[in-house]
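Here is the file input29.cif (mmCIF, C-alpha atoms and all ligand atoms).
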data_run
#
loop_
_atom_site.group_PDB
_atom_site.id
_atom_site.type_symbol
_atom_site.label_atom_id
_atom_site.label_comp_id
_atom_site.auth_asym_id
_atom_site.auth_seq_id
_atom_site.Cartn_x
_atom_site.Cartn_y
_atom_site.Cartn_z
ATOM 1 C CA MET G 1 53.431 4.175 166.329
ATOM 2 C CA ALA G 2 50.475 3.025 164.262
ATOM 3 C CA ARG G 3 51.028 2.813 160.497
ATOM 4 C CA ILE G 4 48.825 2.654 157.419
ATOM 5 C CA THR G 5 50.303 -0.338 155.638
ATOM 6 C CA ALA G 6 47.885 -0.760 152.751
ATOM 7 C CA GLY G 7 44.692 0.443 151.155
ATOM 8 C CA LEU G 8 42.100 -1.316 149.129
ATOM 9 C CA SER G 9 38.966 -0.451 147.261
ATOM 10 C CA THR G 10 35.959 -2.526 146.410
ATOM 11 C CA SER G 11 32.367 -2.169 145.311
ATOM 12 C CA HIS G 12 29.789 -3.068 147.970
ATOM 13 C CA VAL G 13 26.849 -4.370 145.926
ATOM 14 C CA PRO G 14 24.219 -5.724 148.390
ATOM 15 C CA ALA G 15 23.407 -8.727 146.159
ATOM 16 C CA ILE G 16 27.009 -9.919 146.739
ATOM 17 C CA GLY G 17 26.175 -10.194 150.435
ATOM 18 C CA VAL G 18 23.031 -12.147 149.593
ATOM 19 C CA ALA G 19 25.082 -14.508 147.381
ATOM 20 C CA VAL G 20 27.458 -15.163 150.307
ATOM 21 C CA ASP G 21 24.681 -15.607 152.851
ATOM 22 C CA LEU G 22 22.691 -18.004 150.635
ATOM 23 C CA GLY G 23 25.715 -20.063 149.519
ATOM 24 C CA LYS G 24 25.534 -18.979 145.854
ATOM 25 C CA THR G 25 29.121 -17.839 145.362
ATOM 26 C CA GLN G 26 29.971 -20.752 143.043
ATOM 27 C CA GLU G 27 26.953 -20.307 140.783
ATOM 28 C CA ASP G 28 27.703 -19.315 137.160
ATOM 29 C CA TYR G 29 26.616 -15.697 137.629
ATOM 30 C CA TRP G 30 28.592 -15.065 140.821
ATOM 31 C CA LYS G 31 31.701 -17.235 140.458
ATOM 32 C CA PRO G 32 33.628 -14.707 138.309
ATOM 33 C CA VAL G 33 33.005 -12.007 140.950
ATOM 34 C CA PHE G 34 34.255 -14.121 143.845
ATOM 35 C CA ASP G 35 37.188 -15.468 141.809
ATOM 36 C CA GLY G 36 38.411 -11.863 141.644
ATOM 37 C CA PHE G 37 38.764 -11.866 145.433
ATOM 38 C CA GLU G 38 40.615 -15.185 145.817
ATOM 39 C CA PHE G 39 44.023 -13.490 145.789
ATOM 40 C CA SER G 40 42.687 -10.806 148.149
ATOM 41 C CA LYS G 41 41.600 -13.290 150.806
ATOM 42 C CA LYS G 42 45.033 -14.911 150.875
ATOM 43 C CA TRP G 43 46.723 -11.526 150.868
ATOM 44 C CA ILE G 44 44.755 -10.239 153.844
ATOM 45 C CA ALA G 45 45.206 -13.448 155.835
ATOM 46 C CA GLU G 46 48.938 -12.834 155.510
ATOM 47 C CA ALA G 47 48.780 -9.063 156.090
ATOM 48 C CA ASN G 48 46.646 -9.663 159.201
ATOM 49 C CA PRO G 49 45.861 -5.989 159.973
ATOM 50 C CA ASP G 50 44.973 -4.977 163.532
ATOM 51 C CA VAL G 51 42.517 -2.326 162.412
ATOM 52 C CA VAL G 52 40.683 -1.447 159.205
ATOM 53 C CA ILE G 53 39.433 2.100 158.680
ATOM 54 C CA LEU G 54 36.471 1.284 156.494
ATOM 55 C CA VAL G 55 35.162 4.183 154.404
ATOM 56 C CA PHE G 56 31.609 3.505 153.282
ATOM 57 C CA ASN G 57 28.258 5.143 152.875
ATOM 58 C CA ASP G 58 25.126 4.478 154.812
ATOM 59 C CA HIS G 59 22.270 4.029 152.307
ATOM 60 C CA ALA G 60 19.587 5.898 154.288
ATOM 61 C CA THR G 61 19.613 2.941 156.705
ATOM 62 C CA VAL G 62 20.779 4.705 159.873
ATOM 63 C CA PHE G 63 21.028 8.294 158.676
ATOM 64 C CA GLY G 64 17.565 9.013 157.313
ATOM 65 C CA CYS G 65 16.390 12.353 156.008
ATOM 66 C CA ASP G 66 16.403 13.711 159.602
ATOM 67 C CA PHE G 67 20.175 14.064 159.783
ATOM 68 C CA ILE G 68 22.807 13.517 157.110
ATOM 69 C CA PRO G 69 26.423 14.006 158.203
ATOM 70 C CA THR G 70 28.865 14.649 155.367
ATOM 71 C CA PHE G 71 31.625 12.755 157.196
ATOM 72 C CA ALA G 72 31.069 10.637 160.315
ATOM 73 C CA ILE G 73 33.421 8.448 162.355
ATOM 74 C CA GLY G 74 32.340 5.508 164.484
ATOM 75 C CA CYS G 75 33.817 5.625 167.984
ATOM 76 C CA ALA G 76 31.738 2.759 169.405
ATOM 77 C CA ASP G 77 32.854 -0.579 170.873
ATOM 78 C CA GLU G 78 30.852 -2.483 168.304
ATOM 79 C CA TYR G 79 28.419 -2.206 165.395
ATOM 80 C CA ALA G 80 25.591 -4.616 164.645
ATOM 81 C CA PRO G 81 24.648 -5.542 161.080
ATOM 82 C CA ALA G 82 21.666 -3.371 160.114
ATOM 83 C CA ASP G 83 18.212 -4.528 159.169
ATOM 84 C CA GLU G 84 17.757 -3.094 155.676
ATOM 85 C CA GLY G 85 14.199 -4.367 155.362
ATOM 86 C CA TRP G 86 14.607 -8.147 155.234
ATOM 87 C CA GLY G 87 16.397 -8.765 158.558
ATOM 88 C CA PRO G 88 20.042 -8.200 159.501
ATOM 89 C CA ARG G 89 22.659 -10.176 157.516
ATOM 90 C CA PRO G 90 23.855 -13.307 159.355
ATOM 91 C CA VAL G 91 27.372 -11.916 159.804
ATOM 92 C CA PRO G 92 29.369 -11.274 162.978
ATOM 93 C CA VAL G 93 29.064 -8.069 164.955
ATOM 94 C CA VAL G 94 31.797 -5.631 163.903
ATOM 95 C CA LYS G 95 34.185 -4.790 166.741
ATOM 96 C CA GLY G 96 35.375 -1.186 166.823
ATOM 97 C CA HIS G 97 38.532 0.472 168.104
ATOM 98 C CA PRO G 98 37.201 3.365 170.209
ATOM 99 C CA GLU G 99 40.646 4.569 171.334
ATOM 100 C CA LEU G 100 42.095 4.936 167.839
ATOM 101 C CA ALA G 101 38.782 6.239 166.478
ATOM 102 C CA SER G 102 38.567 8.951 169.154
ATOM 103 C CA HIS G 103 42.180 9.857 168.531
ATOM 104 C CA ILE G 104 41.520 10.189 164.784
ATOM 105 C CA ALA G 105 38.429 12.305 165.522
ATOM 106 C CA GLN G 106 40.430 14.632 167.748
ATOM 107 C CA SER G 107 43.315 14.963 165.291
ATOM 108 C CA VAL G 108 41.239 15.304 162.125
ATOM 109 C CA ILE G 109 38.671 17.709 163.590
ATOM 110 C CA GLN G 110 41.474 19.927 164.844
ATOM 111 C CA ASP G 111 42.920 19.682 161.331
ATOM 112 C CA ASP G 112 39.744 21.452 160.110
ATOM 113 C CA PHE G 113 37.650 18.456 158.999
ATOM 114 C CA ASP G 114 34.234 18.449 160.647
ATOM 115 C CA LEU G 115 33.668 14.772 161.437
ATOM 116 C CA THR G 116 30.441 13.811 163.173
ATOM 117 C CA ILE G 117 31.169 11.532 166.127
ATOM 118 C CA VAL G 118 28.925 8.472 166.152
ATOM 119 C CA ASN G 119 28.697 6.421 169.345
ATOM 120 C CA ARG G 120 25.950 4.056 168.247
ATOM 121 C CA MET G 121 25.316 2.828 164.723
ATOM 122 C CA ASP G 122 24.224 -0.288 162.887
ATOM 123 C CA VAL G 123 26.151 -0.896 159.673
ATOM 124 C CA ASP G 124 24.518 -1.680 156.336
ATOM 125 C CA HIS G 125 25.729 -3.504 153.209
ATOM 126 C CA GLY G 126 28.144 -0.653 152.446
ATOM 127 C CA LEU G 127 30.325 -1.959 155.288
ATOM 128 C CA THR G 128 29.399 -5.626 155.682
ATOM 129 C CA VAL G 129 29.695 -6.646 152.009
ATOM 130 C CA PRO G 130 33.382 -5.622 151.738
ATOM 131 C CA MET G 131 34.031 -7.546 154.985
ATOM 132 C CA SER G 132 32.457 -10.670 153.464
ATOM 133 C CA LEU G 133 34.398 -10.273 150.218
ATOM 134 C CA MET G 134 37.708 -10.025 152.043
ATOM 135 C CA PHE G 135 37.171 -12.412 154.963
ATOM 136 C CA GLY G 136 34.499 -14.863 153.823
ATOM 137 C CA GLN G 137 32.282 -16.264 156.551
ATOM 138 C CA PRO G 138 34.279 -16.449 159.817
ATOM 139 C CA GLU G 139 32.741 -16.908 163.279
ATOM 140 C CA ALA G 140 34.155 -13.517 164.234
ATOM 141 C CA TRP G 141 35.767 -10.822 162.057
ATOM 142 C CA PRO G 142 39.551 -11.089 162.439
ATOM 143 C CA CYS G 143 40.264 -7.376 162.988
ATOM 144 C CA ARG G 144 38.856 -4.217 164.523
ATOM 145 C CA VAL G 145 37.026 -1.778 162.273
ATOM 146 C CA ILE G 146 36.644 1.996 162.412
ATOM 147 C CA PRO G 147 33.704 2.967 160.203
ATOM 148 C CA VAL G 148 33.998 6.287 158.381
ATOM 149 C CA ALA G 149 30.671 7.155 156.771
ATOM 150 C CA VAL G 150 30.465 9.614 153.866
ATOM 151 C CA ASN G 151 27.302 11.192 152.513
ATOM 152 C CA VAL G 152 26.994 10.273 148.850
ATOM 153 C CA VAL G 153 23.234 9.744 148.994
ATOM 154 C CA GLN G 154 21.776 13.232 149.429
ATOM 155 C CA TYR G 155 23.101 16.136 147.355
ATOM 156 C CA PRO G 156 25.622 17.704 147.952
ATOM 157 C CA PRO G 157 28.284 15.051 148.495
ATOM 158 C CA PRO G 158 31.824 16.149 149.376
ATOM 159 C CA SER G 159 34.207 16.794 146.480
ATOM 160 C CA GLY G 160 36.852 14.291 145.435
ATOM 161 C CA GLN G 161 39.490 16.814 146.474
ATOM 162 C CA ARG G 162 38.083 17.113 149.978
ATOM 163 C CA CYS G 163 37.936 13.338 150.251
ATOM 164 C CA TYR G 164 41.540 13.030 149.119
ATOM 165 C CA ASN G 165 42.613 15.638 151.678
ATOM 166 C CA LEU G 166 40.653 13.871 154.417
ATOM 167 C CA GLY G 167 42.628 10.721 153.620
ATOM 168 C CA LYS G 168 45.831 12.669 154.214
ATOM 169 C CA ALA G 169 44.539 13.987 157.553
ATOM 170 C CA ILE G 170 43.519 10.460 158.621
ATOM 171 C CA ARG G 171 46.983 9.173 157.795
ATOM 172 C CA LYS G 172 48.595 11.927 159.865
ATOM 173 C CA ALA G 173 46.304 11.067 162.776
ATOM 174 C CA VAL G 174 47.090 7.348 162.590
ATOM 175 C CA GLU G 175 50.826 8.050 162.618
ATOM 176 C CA LEU G 176 50.402 10.136 165.775
ATOM 177 C CA PHE G 177 48.801 7.223 167.648
ATOM 178 C CA ASP G 178 51.255 5.886 170.151
ATOM 179 C CA GLU G 179 50.698 2.153 169.802
ATOM 180 C CA ASP G 180 52.157 -0.333 167.319
ATOM 181 C CA LEU G 181 49.200 -1.089 165.108
ATOM 182 C CA SER G 182 49.023 -2.221 161.508
ATOM 183 C CA VAL G 183 46.167 -0.234 159.990
ATOM 184 C CA GLN G 184 44.555 -0.598 156.581
ATOM 185 C CA ILE G 185 42.167 1.812 154.944
ATOM 186 C CA TRP G 186 39.423 0.643 152.604
ATOM 187 C CA GLY G 187 37.349 2.723 150.196
ATOM 188 C CA THR G 188 34.071 1.137 149.124
ATOM 189 C CA GLY G 189 31.205 1.719 146.682
ATOM 190 C CA GLY G 190 31.155 2.333 142.944
ATOM 191 C CA MET G 191 32.069 1.645 140.253
ATOM 192 C CA SER G 192 29.722 2.953 137.563
ATOM 193 C CA HIS G 193 26.067 2.391 138.364
ATOM 194 C CA GLN G 194 22.762 4.176 138.265
ATOM 195 C CA LEU G 195 19.845 2.604 140.100
ATOM 196 C CA GLN G 196 17.010 4.892 139.036
ATOM 197 C CA GLY G 197 15.442 6.976 136.272
ATOM 198 C CA PRO G 198 15.766 6.723 132.499
ATOM 199 C CA ARG G 199 19.497 5.944 132.693
ATOM 200 C CA ALA G 200 19.058 3.066 135.211
ATOM 201 C CA GLY G 201 21.462 0.255 134.420
ATOM 202 C CA LEU G 202 24.181 2.561 133.088
ATOM 203 C CA ILE G 203 27.662 0.989 133.078
ATOM 204 C CA ASN G 204 30.670 2.828 131.636
ATOM 205 C CA GLN G 205 33.589 0.435 131.384
ATOM 206 C CA ASP G 206 35.926 2.973 129.747
ATOM 207 C CA PHE G 207 35.375 5.431 132.574
ATOM 208 C CA ASP G 208 35.815 2.740 135.234
ATOM 209 C CA ARG G 209 39.060 1.367 133.794
ATOM 210 C CA ASP G 210 40.451 4.872 133.445
ATOM 211 C CA PHE G 211 39.452 5.640 137.048
ATOM 212 C CA LEU G 212 41.271 2.532 138.314
ATOM 213 C CA GLU G 213 44.404 3.505 136.428
ATOM 214 C CA ARG G 214 44.366 7.129 137.559
ATOM 215 C CA LEU G 215 43.589 6.244 141.166
ATOM 216 C CA VAL G 216 46.764 4.177 141.279
ATOM 217 C CA ASN G 217 49.082 6.374 139.223
ATOM 218 C CA ASP G 218 47.675 9.903 139.022
ATOM 219 C CA PRO G 219 45.537 10.504 142.125
ATOM 220 C CA VAL G 220 46.439 14.179 142.458
ATOM 221 C CA GLU G 221 44.826 15.025 139.104
ATOM 222 C CA LEU G 222 41.980 12.551 139.605
ATOM 223 C CA ALA G 223 41.055 14.260 142.872
ATOM 224 C CA LYS G 224 40.267 17.430 140.886
ATOM 225 C CA MET G 225 37.479 15.775 138.892
ATOM 226 C CA PRO G 226 34.169 17.576 139.630
ATOM 227 C CA HIS G 227 30.939 15.836 140.735
ATOM 228 C CA ILE G 228 29.229 16.385 137.455
ATOM 229 C CA ASP G 229 31.798 14.204 135.678
ATOM 230 C CA TYR G 230 31.115 11.298 138.060
ATOM 231 C CA VAL G 231 27.365 11.608 137.645
ATOM 232 C CA ARG G 232 27.422 12.057 133.861
ATOM 233 C CA GLU G 233 29.996 9.349 133.167
ATOM 234 C CA ALA G 234 29.482 6.839 135.993
ATOM 235 C CA GLY G 235 25.793 7.346 136.843
ATOM 236 C CA SER G 236 24.104 8.886 139.879
ATOM 237 C CA GLU G 237 25.395 6.185 142.254
ATOM 238 C CA GLY G 238 28.820 6.254 140.600
ATOM 239 C CA ILE G 239 29.466 9.237 142.883
ATOM 240 C CA GLU G 240 30.252 6.607 145.556
ATOM 241 C CA LEU G 241 33.702 6.519 143.923
ATOM 242 C CA VAL G 242 34.740 9.712 145.756
ATOM 243 C CA MET G 243 35.158 7.465 148.804
ATOM 244 C CA TRP G 244 38.012 5.647 147.076
ATOM 245 C CA LEU G 245 39.922 8.940 147.126
ATOM 246 C CA ILE G 246 39.883 8.988 150.940
ATOM 247 C CA MET G 247 41.676 5.649 150.841
ATOM 248 C CA ARG G 248 44.123 6.852 148.206
ATOM 249 C CA GLY G 249 44.871 10.095 150.064
ATOM 250 C CA ALA G 250 45.954 8.070 153.088
ATOM 251 C CA LEU G 251 48.661 6.262 151.080
ATOM 252 C CA ASN G 252 52.003 7.346 149.659
ATOM 253 C CA LYS G 253 52.109 9.071 146.286
ATOM 254 C CA ASP G 254 53.861 5.985 144.907
ATOM 255 C CA VAL G 255 52.308 2.681 145.833
ATOM 256 C CA VAL G 256 52.804 -0.961 144.964
ATOM 257 C CA GLU G 257 49.780 -2.302 143.133
ATOM 258 C CA ARG G 258 49.249 -5.840 144.395
ATOM 259 C CA HIS G 259 45.947 -6.596 142.713
ATOM 260 C CA ARG G 260 43.479 -5.118 140.231
ATOM 261 C CA PHE G 261 40.142 -6.638 139.302
ATOM 262 C CA TYR G 262 37.239 -5.421 137.197
ATOM 263 C CA HIS G 263 34.078 -7.313 136.332
ATOM 264 C CA VAL G 264 30.683 -6.585 134.810
ATOM 265 C CA PRO G 265 27.963 -7.335 135.796
ATOM 266 C CA ALA G 266 27.163 -7.742 139.458
ATOM 267 C CA SER G 267 23.575 -6.693 139.980
ATOM 268 C CA ASN G 268 23.464 -3.168 138.505
ATOM 269 C CA THR G 269 27.079 -2.352 139.169
ATOM 270 C CA ALA G 270 30.538 -2.730 137.697
ATOM 271 C CA VAL G 271 32.695 -4.358 140.380
ATOM 272 C CA GLY G 272 36.144 -2.825 140.752
ATOM 273 C CA HIS G 273 38.784 -3.812 143.258
ATOM 274 C CA LEU G 274 42.341 -2.648 143.996
ATOM 275 C CA ILE G 275 44.938 -3.620 146.593
ATOM 276 C CA LEU G 276 47.663 -1.033 147.105
ATOM 277 C CA GLU G 277 50.584 -1.197 149.514
ATOM 278 C CA ASN G 278 52.600 1.704 150.809
ATOM 279 C CA LYS G 279 56.091 1.335 149.300
ATOM 280 C CA ASP G 280 57.977 2.001 152.502
ATOM 281 C CA SER G 281 56.016 -0.539 154.559
HETATM 282 C C1 LIG G 301 23.568 -1.800 144.080
HETATM 283 C C2 LIG G 301 24.842 -1.266 144.288
HETATM 284 C C3 LIG G 301 25.085 -0.461 145.397
HETATM 285 O O1 LIG G 301 26.296 0.118 145.662
HETATM 286 C C4 LIG G 301 24.088 -0.212 146.302
HETATM 287 O O2 LIG G 301 24.382 0.508 147.392
HETATM 288 C C5 LIG G 301 22.811 -0.734 146.098
HETATM 289 C C6 LIG G 301 22.563 -1.532 144.979
HETATM 290 C C7 LIG G 301 23.290 -2.689 142.908
HETATM 291 O O3 LIG G 301 24.083 -2.764 141.983
HETATM 292 O O4 LIG G 301 22.254 -3.369 142.918
HETATM 293 FE FE FE G 302 26.106 1.646 147.445
#

structure tokens encoding of this file:
Amino acid sequence: MARITAGLSTSHVPAIGVAVDLGKTQEDYWKPVFDGFEFSKKWIAEANPDVVILVFNDHATVFGCDFIPTFAIGCADEYAPADEGWGPRPVPVVKGHPELASHIAQSVIQDDFDLTIVNRMDVDHGLTVPMSLMFGQPEAWPCRVIPVAVNVVQYPPPSGQRCYNLGKAIRKAVELFDEDLSVQIWGTGGMSHQLQGPRAGLINQDFDRDFLERLVNDPVELAKMPHIDYVREAGSEGIELVMWLIMRGALNKDVVERHRFYHVPASNTAVGHLILENKDS
């Protein structure tokens, strides 16, 4: 059967993608960010997952104001990097896993989560930046990817609790898939940041560090935190952190923490990153 072997979380700041694409990763400003992913790149080369379920948000790139699914799952063969206004990133096309994705859709929808099925979608920085952070600049991405898109752009986003429960339903679905696959789940976005209005530039390091700790060791209580706490403490775009709870819900209650990284600043955002392994795997 397929198994979720590990989960990881990372911010998906678009300027990180620009730094990779323009060869600026070793510049003074960016080096500390990329140094935080050195361990991660070695770790994933060794873990060599078959499939990554990549939880991200589309930033009004594909889903405009015309339609805004709360949760969507990509069931396509492949996903092209999106043009976000200055041309698509020069990164490989993302190869999907339509069989596992359709299986997850069937299982999770019948488990009472209303996923929107997406058969064609370009993917923006929310998905491609984490791929670059973890895999660098390969000719082709080394694993299949199932995009799971979450609305955290237009109010109302889903609650942390619902995200956590969705993670559990995704795990159940994966374990019902009758093929030996090593599957990881990634939660992206966050940490604290606010891109607009009088509070633009807000960073709350205390909140972020506490969130990292609770996500690892007290996710059940953390999942109960209401939206208003994210927005007040972590800024309007800090709500992206609910996506990390989907990742966490798909793992065991007790996990092995392989890596934790936190760095400010990267553009307007505090970069946070965790690698968690399921204890029994
Ligand atoms: C920034 C961060 C994001 O997560 C995003 O989607 C856009 C911009 C930033 O820090 O600049
Ligand atoms: Fe974002």

Q.
So that I can see what lies close to stretch 114-122 of chain G, please list as number ranges by chain the residues with an atom at most 8 Å from it, counting all atoms listed in the file and leaving out residues fewer than 6 positions away in the same chain.
A. G: 62, 69-76, 79-82, 105, 108

Closest contacts (chain G/ligand LIG 301 (chain G), max 12 Å, only C-alpha atoms and all ligand atoms) as CSV:
residue,atom,partner,partner_atom,distance
G:Thr10,CA,G:LIG301,O1,10.0
G:Ser11,CA,G:LIG301,O1,6.5
G:His12,CA,G:LIG301,O1,5.3
G:Val13,CA,G:LIG301,C2,4.0
G:Pro14,CA,G:LIG301,C6,5.7
G:Ala15,CA,G:LIG301,O4,6.4
G:Ile16,CA,G:LIG301,O4,9.0
G:Gly17,CA,G:LIG301,C1,10.8
G:Val18,CA,G:LIG301,O4,11.1
G:Phe56,CA,G:LIG301,O2,9.8
G:Asn57,CA,G:LIG301,O2,8.2
G:Asp58,CA,G:LIG301,O2,8.4
G:His59,CA,G:LIG301,O2,6.4
G:Ala60,CA,G:LIG301,O2,10.0
G:Thr61,CA,G:LIG301,O2,10.7
G:Glu84,CA,G:LIG301,C5,11.1
G:Asp124,CA,G:LIG301,O2,9.2
G:His125,CA,G:LIG301,O2,7.2
G:Gly126,CA,G:LIG301,O2,6.4
G:Leu127,CA,G:LIG301,O2,10.2
G:Thr128,CA,G:LIG301,O2,11.5
G:Val129,CA,G:LIG301,O1,9.9
G:Pro130,CA,G:LIG301,O1,11.0
G:Val152,CA,G:LIG301,O2,10.2
G:Val153,CA,G:LIG301,O2,9.4
G:Thr188,CA,G:LIG301,O1,8.6
G:Gly189,CA,G:LIG301,O1,5.3
G:Gly190,CA,G:LIG301,O1,6.0
G:Met191,CA,G:LIG301,O1,8.1
G:Ser192,CA,G:LIG301,O3,9.2
G:His193,CA,G:LIG301,O3,6.6
G:Gln194,CA,G:LIG301,O3,8.0
G:Leu195,CA,G:LIG301,C7,6.9
G:Gln196,CA,G:LIG301,C6,10.4
G:Ala200,CA,G:LIG301,O3,10.3
G:Gly201,CA,G:LIG301,O3,8.6
G:Leu202,CA,G:LIG301,O3,10.4
G:Ile203,CA,G:LIG301,O3,10.3
G:Gly235,CA,G:LIG301,O1,11.4
G:Ser236,CA,G:LIG301,O1,10.7
G:Glu237,CA,G:LIG301,O1,7.0
G:Gly238,CA,G:LIG301,O1,8.3
G:Ile239,CA,G:LIG301,O1,10.0
G:Glu240,CA,G:LIG301,O1,7.6
G:Leu241,CA,G:LIG301,O1,9.9
G:Met243,CA,G:LIG301,O1,11.9
G:Val264,CA,G:LIG301,O3,10.5
G:Pro265,CA,G:LIG301,O3,8.6
G:Ala266,CA,G:LIG301,O3,6.4
G:Ser267,CA,G:LIG301,O3,4.4
G:Asn268,CA,G:LIG301,O3,3.6
G:Thr269,CA,G:LIG301,O3,4.1
G:Ala270,CA,G:LIG301,O3,7.7
G:Val271,CA,G:LIG301,O3,8.9
G:Gly272,CA,G:LIG301,O1,11.4

Q) Nearest to ligand FE 302 (chain G): which of G:Val220, G:Ala149, G:Val93, G:Phe39 is it, counting all atoms listed in the file? A)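 Between G:Val220, G:Ala149, G:Val93, G:Phe39, the residue approaching ligand FE 302 (chain G) most closely is G:Ala149.
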
**Q.** Residues matched by the PyMOL selection byres (((chain G and resi 186) around 6) and not hetatm), written as a VMD selection string
**A.** chain G and resid 7 to 9 54 to 55 185 187 247

What does the file look like for those residues with C-alpha atoms, as an mmCIF file, in the frame of the given file?
data_model
loop_
_atom_site.group_PDB
_atom_site.id
_atom_site.type_symbol
_atom_site.label_atom_id
_atom_site.label_comp_id
_atom_site.auth_asym_id
_atom_site.auth_seq_id
_atom_site.Cartn_x
_atom_site.Cartn_y
_atom_site.Cartn_z
ATOM 1 C CA GLY G 7 44.692 0.443 151.155
ATOM 2 C CA LEU G 8 42.100 -1.316 149.129
ATOM 3 C CA SER G 9 38.966 -0.451 147.261
ATOM 4 C CA LEU G 54 36.471 1.284 156.494
ATOM 5 C CA VAL G 55 35.162 4.183 154.404
ATOM 6 C CA ILE G 185 42.167 1.812 154.944
ATOM 7 C CA GLY G 187 37.349 2.723 150.196
ATOM 8 C CA MET G 247 41.676 5.649 150.841
#

(Q) To one decimal place in Å, what is the distance between atom CA of G:Tyr164 and atom CA of G:Ser40? (A) 23.9 Å

**Q.** Result set of the PyMOL selection byres (((chain G and resi 259) around 8) and not hetatm) on the coordinates above, as a PyMOL selection string
**A.** chain G and resi 39-40+257-258+260-261+273-276

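Ranking G:Cys163, G:Val150, G:Met1, G:Val91 by their shortest atom-to-atom distance to ligand FE 302 (chain G), with only C-alpha atoms and all ligand atoms included, puts G:Val150 first.
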
Q) So which one's closest to G:Ile246, G:Ile68, G:Ile44, G:Ile53, G:Ile109? Using only C-alpha atoms, please. A)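 The answer is G:Ile53, which sits nearest to G:Ile246.
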
**Q.** Residue nearest ligand FE 302 (chain G) among G:Asp206, G:Pro92, G:Gly87, G:Val242 (counting all atoms listed in the file)
**A.**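 Closest to ligand FE 302 (chain G) of all the choices is G:Val242.
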
Q) So what do you get for atom CA of G:Pro158 versus atom CA of G:Leu100, distance-wise? A)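 Between these atoms lies a distance of 23.9 Å.
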
Q. Any idea what the distance is between atom CA of G:Ala250 and atom CA of G:Arg3?
A.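 Value for the atom CA of G:Ala250-atom CA of G:Arg3 distance: 10.4 Å.
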
For this structure, which residues satisfy the selection - the PyMOL selection byres (((chain G and resi 132-144) around 6) and not hetatm) - when it is evaluated on the file as given? I want them as a compact mmCIF listing (two decimals) with C-alpha atoms, in the coordinates of the input.
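Below is the file selection27.txt, written as the result:
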# COMPACT_ATOMS: atom_id res chain seq x y z
CA LYS G 41 41.60 -13.29 150.81
CA ASP G 50 44.97 -4.98 163.53
CA VAL G 51 42.52 -2.33 162.41
CA PRO G 92 29.37 -11.27 162.98
CA LYS G 95 34.18 -4.79 166.74
CA GLY G 96 35.38 -1.19 166.82
CA HIS G 97 38.53 0.47 168.10
CA VAL G 129 29.70 -6.65 152.01
CA PRO G 130 33.38 -5.62 151.74
CA MET G 131 34.03 -7.55 154.99
CA VAL G 145 37.03 -1.78 162.27

Q | For ligand FE 302 (chain G), the nearest of the candidates G:Ser102, G:Ser182, G:Asn151, G:Gln26, counting all atoms listed in the file | A | G:Asn151

Determine the axis-aligned bounding box of all atoms of stretch 251-268 of chain G present in the file, pad each side by 6 Å, and express its centre and edge lengths in Å to one decimal place as AutoDock Vina command-line options.
--center_x 38.7 --center_y 0.7 --center_z 142.9 --size_x 42.4 --size_y 28.8 --size_z 28.3
